[in-house]
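What's in start.txt: compact mmCIF, C-alpha atoms
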```
# COMPACT_ATOMS: atom_id res chain seq x y z
CA MET A 1 102.09 156.00 92.85
CA SER A 2 101.94 158.19 95.97
CA THR A 3 98.89 157.95 98.16
CA ASP A 4 100.44 160.26 100.74
CA ARG A 5 100.81 163.62 99.08
CA ILE A 6 99.29 166.15 96.69
CA GLU A 7 101.36 168.79 94.95
CA LYS A 8 100.01 171.75 92.97
CA ARG A 9 102.06 174.37 91.17
CA VAL A 10 100.57 177.56 89.82
CA VAL A 11 102.06 180.64 88.12
CA LEU A 12 100.49 183.86 89.43
CA ARG A 13 100.95 187.04 87.42
CA ALA A 14 101.48 189.16 90.49
CA PRO A 15 104.52 190.25 92.53
CA ARG A 16 105.66 187.91 95.26
CA SER A 17 104.81 190.44 97.99
CA ARG A 18 101.21 190.54 96.71
CA VAL A 19 100.90 186.73 96.73
CA TRP A 20 102.53 186.55 100.16
CA ARG A 21 99.94 188.94 101.57
CA ALA A 22 97.09 186.90 100.05
CA ILE A 23 98.40 183.79 101.79
CA SER A 24 99.74 185.06 105.11
CA ASP A 25 97.11 187.67 105.94
CA ALA A 26 94.21 185.76 107.48
CA LYS A 27 91.62 188.20 106.14
CA GLU A 28 92.92 187.97 102.58
CA PHE A 29 93.37 184.21 102.85
CA GLY A 30 89.75 183.90 103.92
CA THR A 31 88.57 185.90 100.90
CA TRP A 32 89.87 183.54 98.23
CA PHE A 33 89.70 180.40 100.35
CA ARG A 34 86.08 181.26 101.21
CA ILE A 35 86.34 180.98 104.95
CA THR A 36 85.99 183.37 107.88
CA LEU A 37 88.99 183.22 110.23
CA ASP A 38 88.90 184.31 113.88
CA GLY A 39 92.41 185.74 114.13
CA ALA A 40 95.77 186.41 112.51
CA PHE A 41 98.19 183.66 111.47
CA ALA A 42 101.21 183.32 113.78
CA GLU A 43 103.61 180.43 114.36
CA GLY A 44 102.27 177.99 116.94
CA ARG A 45 98.84 179.55 116.91
CA THR A 46 95.52 177.84 116.19
CA VAL A 47 93.16 179.88 114.04
CA ARG A 48 89.55 178.79 113.73
CA GLY A 49 87.71 179.09 110.47
CA SER A 50 84.11 178.65 109.45
CA HIS A 51 81.96 178.80 106.37
CA GLY A 52 78.35 178.05 107.22
CA ASN A 53 78.35 174.63 108.90
CA PHE A 54 81.85 173.95 107.74
CA LYS A 55 84.40 174.43 110.53
CA VAL A 56 88.13 173.89 110.49
CA GLU A 57 91.16 174.71 112.65
CA PHE A 58 94.45 175.87 111.13
CA HIS A 59 97.38 174.89 113.36
CA VAL A 60 100.02 177.28 112.05
CA GLU A 61 103.49 175.72 111.98
CA ARG A 62 106.03 177.92 110.24
CA ILE A 63 106.05 181.37 108.65
CA GLU A 64 109.08 182.55 106.64
CA PRO A 65 108.07 185.96 105.24
CA GLU A 66 107.64 186.12 101.45
CA ARG A 67 108.78 182.49 101.07
CA TYR A 68 107.02 179.81 103.11
CA PHE A 69 103.85 179.26 105.13
CA SER A 70 102.66 175.97 106.64
CA TYR A 71 99.87 174.67 108.82
CA ARG A 72 98.32 171.38 109.87
CA TRP A 73 94.65 170.55 109.70
CA HIS A 74 92.22 167.72 109.30
CA PRO A 75 92.01 167.41 105.53
CA TYR A 76 89.10 167.78 103.19
CA PRO A 77 86.48 166.68 102.80
CA LYS A 78 84.95 167.42 106.15
CA ASP A 79 81.68 166.42 107.63
CA PRO A 80 80.52 168.82 110.40
CA ALA A 81 78.88 165.88 112.20
CA ILE A 82 82.17 164.02 112.69
CA ASP A 83 84.75 164.67 115.41
CA TYR A 84 88.15 164.38 113.74
CA SER A 85 90.25 165.44 116.74
CA ALA A 86 91.71 161.97 117.40
CA GLU A 87 92.83 161.58 113.80
CA SER A 88 96.16 162.43 112.29
CA MET A 89 96.39 165.84 110.57
CA THR A 90 97.91 166.59 107.19
CA LEU A 91 100.55 169.27 106.61
CA VAL A 92 99.78 172.02 104.09
CA GLU A 93 102.77 174.00 102.76
CA PHE A 94 102.79 177.08 100.53
CA THR A 95 106.15 177.92 98.92
CA LEU A 96 106.70 181.07 96.84
CA GLU A 97 109.37 181.62 94.21
CA GLU A 98 109.93 184.61 91.96
CA ALA A 99 110.05 184.10 88.18
CA ASP A 100 110.19 186.99 85.69
CA GLY A 101 107.88 189.33 87.53
CA ALA A 102 105.46 186.49 88.22
CA THR A 103 105.28 184.27 91.28
CA VAL A 104 105.40 180.49 91.23
CA LEU A 105 103.37 179.08 94.08
CA THR A 106 103.68 175.44 95.13
CA ILE A 107 101.03 173.97 97.40
CA VAL A 108 101.81 170.61 98.97
CA GLU A 109 99.49 168.68 101.27
CA SER A 110 101.05 165.57 102.77
CA GLY A 111 100.42 162.93 105.43
CA PHE A 112 97.40 161.24 103.88
CA ASP A 113 98.84 157.79 104.54
CA ARG A 114 98.16 158.39 108.23
CA VAL A 115 94.54 159.44 107.67
CA PRO A 116 92.49 156.32 108.44
CA LEU A 117 91.46 154.48 105.31
CA ALA A 118 88.00 154.02 106.77
CA ARG A 119 87.59 157.81 106.86
CA ARG A 120 88.71 158.15 103.27
CA ALA A 121 86.23 155.49 102.17
CA GLU A 122 83.55 157.27 104.21
CA ALA A 123 84.36 160.61 102.58
CA PHE A 124 83.97 159.03 99.21
CA ARG A 125 80.65 157.49 100.15
CA MET A 126 79.44 160.88 101.43
CA ASN A 127 80.32 162.43 98.13
CA THR A 128 78.37 159.81 96.23
CA GLU A 129 75.36 160.46 98.43
CA GLY A 130 75.84 164.16 97.94
CA TRP A 131 75.44 163.65 94.24
CA GLY A 132 72.39 161.48 94.87
CA GLY A 133 70.88 164.43 96.74
CA GLN A 134 71.70 166.81 93.89
CA ILE A 135 70.03 164.53 91.40
CA LYS A 136 66.94 164.40 93.59
CA ASN A 137 66.87 168.21 93.73
CA LEU A 138 67.11 168.32 89.97
CA GLU A 139 64.35 165.78 89.59
CA ALA A 140 62.12 167.84 91.90
CA TYR A 141 62.95 170.95 89.89
CA VAL A 142 62.16 169.52 86.45
CA SER A 143 59.11 167.44 87.41
CA MET B 1 105.40 157.84 105.54
CA SER B 2 107.03 160.11 102.94
CA ARG B 3 106.07 160.08 99.28
CA SER B 4 109.21 158.26 98.22
CA GLY B 5 108.82 156.04 101.29
CA SER B 6 105.42 154.75 100.30
CA ALA B 7 106.35 154.35 96.63
CA VAL B 8 109.58 152.57 97.51
CA VAL B 9 107.79 150.22 99.88
CA LEU B 10 105.15 149.44 97.28
CA PHE B 11 107.59 148.87 94.45
CA ALA B 12 109.87 146.82 96.69
CA ALA B 13 106.90 144.58 97.48
CA LEU B 14 106.11 144.27 93.77
CA GLY B 15 109.68 143.87 92.54
CA ASP B 16 109.76 140.11 92.61
CA ALA B 17 108.64 137.61 89.97
CA THR B 18 107.03 135.25 92.50
CA ARG B 19 105.01 138.07 94.09
CA LEU B 20 103.84 139.36 90.75
CA SER B 21 102.69 135.87 89.76
CA LEU B 22 100.89 135.52 93.13
CA LEU B 23 99.04 138.80 92.49
CA ARG B 24 98.15 137.62 89.01
CA ARG B 25 96.79 134.31 90.36
CA LEU B 26 94.74 136.15 93.00
CA SER B 27 93.33 138.63 90.49
CA VAL B 28 92.31 135.86 88.07
CA ASP B 29 91.20 133.10 90.44
CA GLY B 30 90.00 135.09 93.46
CA PRO B 31 90.77 134.10 97.07
CA LEU B 32 93.13 131.11 97.34
CA SER B 33 94.77 129.12 100.10
CA ILE B 34 98.54 128.93 100.53
CA THR B 35 98.39 125.30 99.38
CA ARG B 36 96.68 126.26 96.13
CA LEU B 37 99.02 129.20 95.61
CA SER B 38 102.07 126.95 96.10
CA GLU B 39 100.93 124.30 93.61
CA GLY B 40 103.04 124.05 90.50
CA THR B 41 105.30 126.97 91.46
CA GLY B 42 108.31 124.93 92.55
CA VAL B 43 108.51 127.26 95.55
CA THR B 44 108.07 126.04 99.14
CA ARG B 45 104.98 126.89 101.18
CA GLN B 46 107.20 128.79 103.63
CA ALA B 47 108.60 130.95 100.84
CA ILE B 48 105.11 131.59 99.41
CA THR B 49 103.92 132.56 102.90
CA ARG B 50 106.78 135.05 103.26
CA HIS B 51 105.94 136.60 99.89
CA LEU B 52 102.26 136.87 100.79
CA ASP B 53 103.14 138.47 104.13
CA ALA B 54 105.28 141.04 102.28
CA LEU B 55 102.32 141.84 100.01
CA GLY B 56 100.05 142.00 103.07
CA ARG B 57 102.28 144.55 104.81
CA VAL B 58 101.74 147.06 102.00
CA GLY B 59 98.02 146.26 101.87
CA LEU B 60 97.94 144.59 98.47
CA VAL B 61 96.54 141.34 99.84
CA ARG B 62 94.72 140.37 103.00
CA ASP B 63 94.17 136.99 104.56
CA ALA B 64 91.52 135.18 106.54
CA ARG B 65 91.57 131.85 108.34
CA ARG B 66 89.37 129.24 106.83
CA GLY B 67 89.56 126.20 109.11
CA ARG B 68 93.25 125.36 109.35
CA GLU B 69 94.17 127.25 106.19
CA ARG B 70 95.00 130.87 105.55
CA VAL B 71 93.16 132.14 102.50
CA PHE B 72 94.53 135.18 100.68
CA GLU B 73 92.76 137.67 98.49
CA LEU B 74 93.73 140.74 96.50
CA ASP B 75 92.89 144.10 98.09
CA ALA B 76 93.13 146.44 95.11
CA LYS B 77 90.31 148.46 96.67
CA ARG B 78 92.72 149.88 99.20
CA LEU B 79 94.72 151.62 96.51
CA GLU B 80 91.61 152.61 94.59
CA ILE B 81 89.98 154.26 97.62
CA ALA B 82 93.18 156.12 98.43
CA ARG B 83 93.52 157.30 94.84
CA GLN B 84 89.92 158.48 94.52
CA TYR B 85 90.16 160.36 97.80
CA LEU B 86 93.34 162.14 96.73
CA ASP B 87 91.72 163.04 93.40
CA ARG B 88 88.93 164.78 95.28
CA VAL B 89 91.29 166.66 97.59
CA ALA B 90 93.42 167.65 94.59
CA ALA B 91 90.32 168.98 92.77
CA GLN B 92 89.50 171.16 95.77
CA TRP B 93 93.05 172.57 95.77
CA ASP B 94 92.73 173.26 92.04
CA ALA B 95 89.59 175.29 92.71
CA ALA B 96 91.22 177.16 95.62
CA ALA B 97 94.33 177.92 93.51
CA ALA B 98 92.13 179.26 90.69
CA ARG B 99 90.33 181.59 93.15
CA LEU B 100 93.70 182.74 94.53
CA LYS B 101 94.89 183.45 90.98
CA ALA B 102 91.82 185.58 90.26
CA PHE B 103 92.27 187.32 93.62
CA VAL B 104 95.92 188.37 93.20
CA GLU B 105 95.83 189.01 89.45
CA GLY B 106 92.55 190.89 89.40
```
Can the structure in the file be given as structure tokens, please?
Amino acid sequence: MSTDRIEKRVVLRAPRSRVWRAISDAKEFGTWFRITLDGAFAEGRTVRGSHGNFKVEFHVERIEPERYFSYRWHPYPKDPAIDYSAESMTLVEFTLEEADGATVLTIVESGFDRVPLARRAEAFRMNTEGWGGQIKNLEAYVS
Amino acid sequence: MSRSGSAVVLFAALGDATRLSLLRRLSVDGPLSITRLSEGTGVTRQAITRHLDALGRVGLVRDARRGRERVFELDAKRLEIARQYLDRVAAQWDAAAARLKAFVEG
């Protein structure tokens, strides 16, 4: 019953070198992640990303070519109006393994137990209101 | 706190017959004082207080002073909020992983 960590595992039908490039190359990462990054990933470096109003900083921790990439950030969901800088960050880790010509990618995000509960409740409330807004749009559209 | 850390702490807090019965009482009868929670248990007030404090440390119950009494109530919401939040974050990672899959396989 963990409230601290999320783990995702996905099999990608592509060589490990291809997957590694998609994760470690900031331009490629931005393409599938849907974010524009202001520089290359390097250990100890902070890379800023944006997508419209959405802004996030990637604090790159460790890069082990073809095998492991990690960074810290303030986790989803984010509200551009809120300053998260005083809050604890989560750690995101990508681990690659080869398997029969395919690549097994494991994504782990951990450290949620240190994200203030009030923020998590707030994020959930925002989401509910977001849906309220969508329903209003729909109502306006059909009426 | 690590994954196993938080699970271990939670299960350790739950792994006791007296604590489980306290949680059951609180979920059925709502907020109760230590006196009420001690009644008919054959366990001392001090022991009940220690059990409630153990449950409080992992956020399963919270207490408030009412006059000279401490009143305890269940805080299942804490776990529920945490779970719903993680579900949302997990759904966003699912979507990102699906886009990555299309990107590298395409």
Who sits within 6 Å of Val47 of chain A, all atoms listed in the file, same chain under 3 positions skipped, as number ranges by chain: A: 39, 57-58
Atom CA of Gln92 of chain B to atom CA of Lys8 of chain A, distance in Å rounded to a single decimal: 10.9 Å
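Between atom CA of Ile63 of chain A and atom CA of Lys101 of chain B lies a distance of 21.0 Å.
Going from atom CA of Arg50 of chain B over to atom CA of Leu20 of chain B, you cover 13.6 Å.
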A:Ser24, A:Lys55, A:Trp32, A:Glu66 ranked by distance to chain B, top pick (using only C-alpha atoms): A:Trp32
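Residues in contact with Glu64 of chain A at 10 Å, where only C-alpha atoms are counted and same-chain residues fewer than 4 positions away are skipped, are listed as Ser24, Glu43, Tyr68, Phe69, Ser70 and Thr95 of chain A.
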Residue contacts of Ala22 of chain A (9 Å, all atoms listed in the file) excluding same-chain residues fewer than 3 positions away, as a VMD selection string: (chain A and resid 17 to 19 25 to 32) or (chain B and resid 100 103 to 104)
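Residue nearest Gly52 of chain A, chosen from A:Ile35, A:Ala14, A:Leu96, A:Ile23 and counting only C-alpha atoms: A:Ile35.
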Residue neighbourhood segment 103-113 of chain A, 7 Å, all atoms listed in the file, exclusion window fewer than 3 positions, as a list in words: Thr3, Asp4, Arg5, Ile6, Glu7, Lys8, Arg9, Val10, Val11, Leu12, Arg13, Ala14, Pro15, Arg16, Thr90, Leu91, Val92, Glu93, Phe94, Thr95, Leu96, Glu97, Glu98 and Ala99 of chain A; Met1 of chain B
How would segment 52-63 of chain B look with N, CA and C atoms restored, written as a short mmCIF file (atom, residue, chain, number, x, y, z; two decimals), in the coordinates of the input?
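Output below, filename rebuild_27.cif:
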```cif
data_model
loop_
_atom_site.label_atom_id
_atom_site.label_comp_id
_atom_site.auth_asym_id
_atom_site.auth_seq_id
_atom_site.Cartn_x
_atom_site.Cartn_y
_atom_site.Cartn_z
N LEU B 52 103.62 136.37 100.53
CA LEU B 52 102.26 136.87 100.79
C LEU B 52 102.25 137.85 101.96
N ASP B 53 103.07 137.55 102.99
CA ASP B 53 103.14 138.47 104.13
C ASP B 53 103.72 139.82 103.70
N ALA B 54 104.69 139.78 102.79
CA ALA B 54 105.28 141.04 102.28
C ALA B 54 104.21 141.84 101.53
N LEU B 55 103.40 141.16 100.75
CA LEU B 55 102.32 141.84 100.01
C LEU B 55 101.26 142.36 100.99
N GLY B 56 101.03 141.59 102.06
CA GLY B 56 100.05 142.00 103.07
C GLY B 56 100.48 143.25 103.81
N ARG B 57 101.80 143.38 104.07
CA ARG B 57 102.28 144.55 104.81
C ARG B 57 102.04 145.85 104.06
N VAL B 58 102.01 145.83 102.75
CA VAL B 58 101.74 147.06 102.00
C VAL B 58 100.26 147.12 101.58
N GLY B 59 99.47 146.18 102.07
CA GLY B 59 98.02 146.26 101.87
C GLY B 59 97.53 145.77 100.52
N LEU B 60 98.38 145.05 99.79
CA LEU B 60 97.94 144.59 98.47
C LEU B 60 97.13 143.30 98.56
N VAL B 61 97.37 142.53 99.61
CA VAL B 61 96.54 141.34 99.84
C VAL B 61 96.12 141.33 101.30
N ARG B 62 95.07 140.59 101.59
CA ARG B 62 94.72 140.37 103.00
C ARG B 62 94.35 138.90 103.13
N ASP B 63 94.42 138.42 104.37
CA ASP B 63 94.17 136.99 104.56
C ASP B 63 93.10 136.77 105.62
#
```
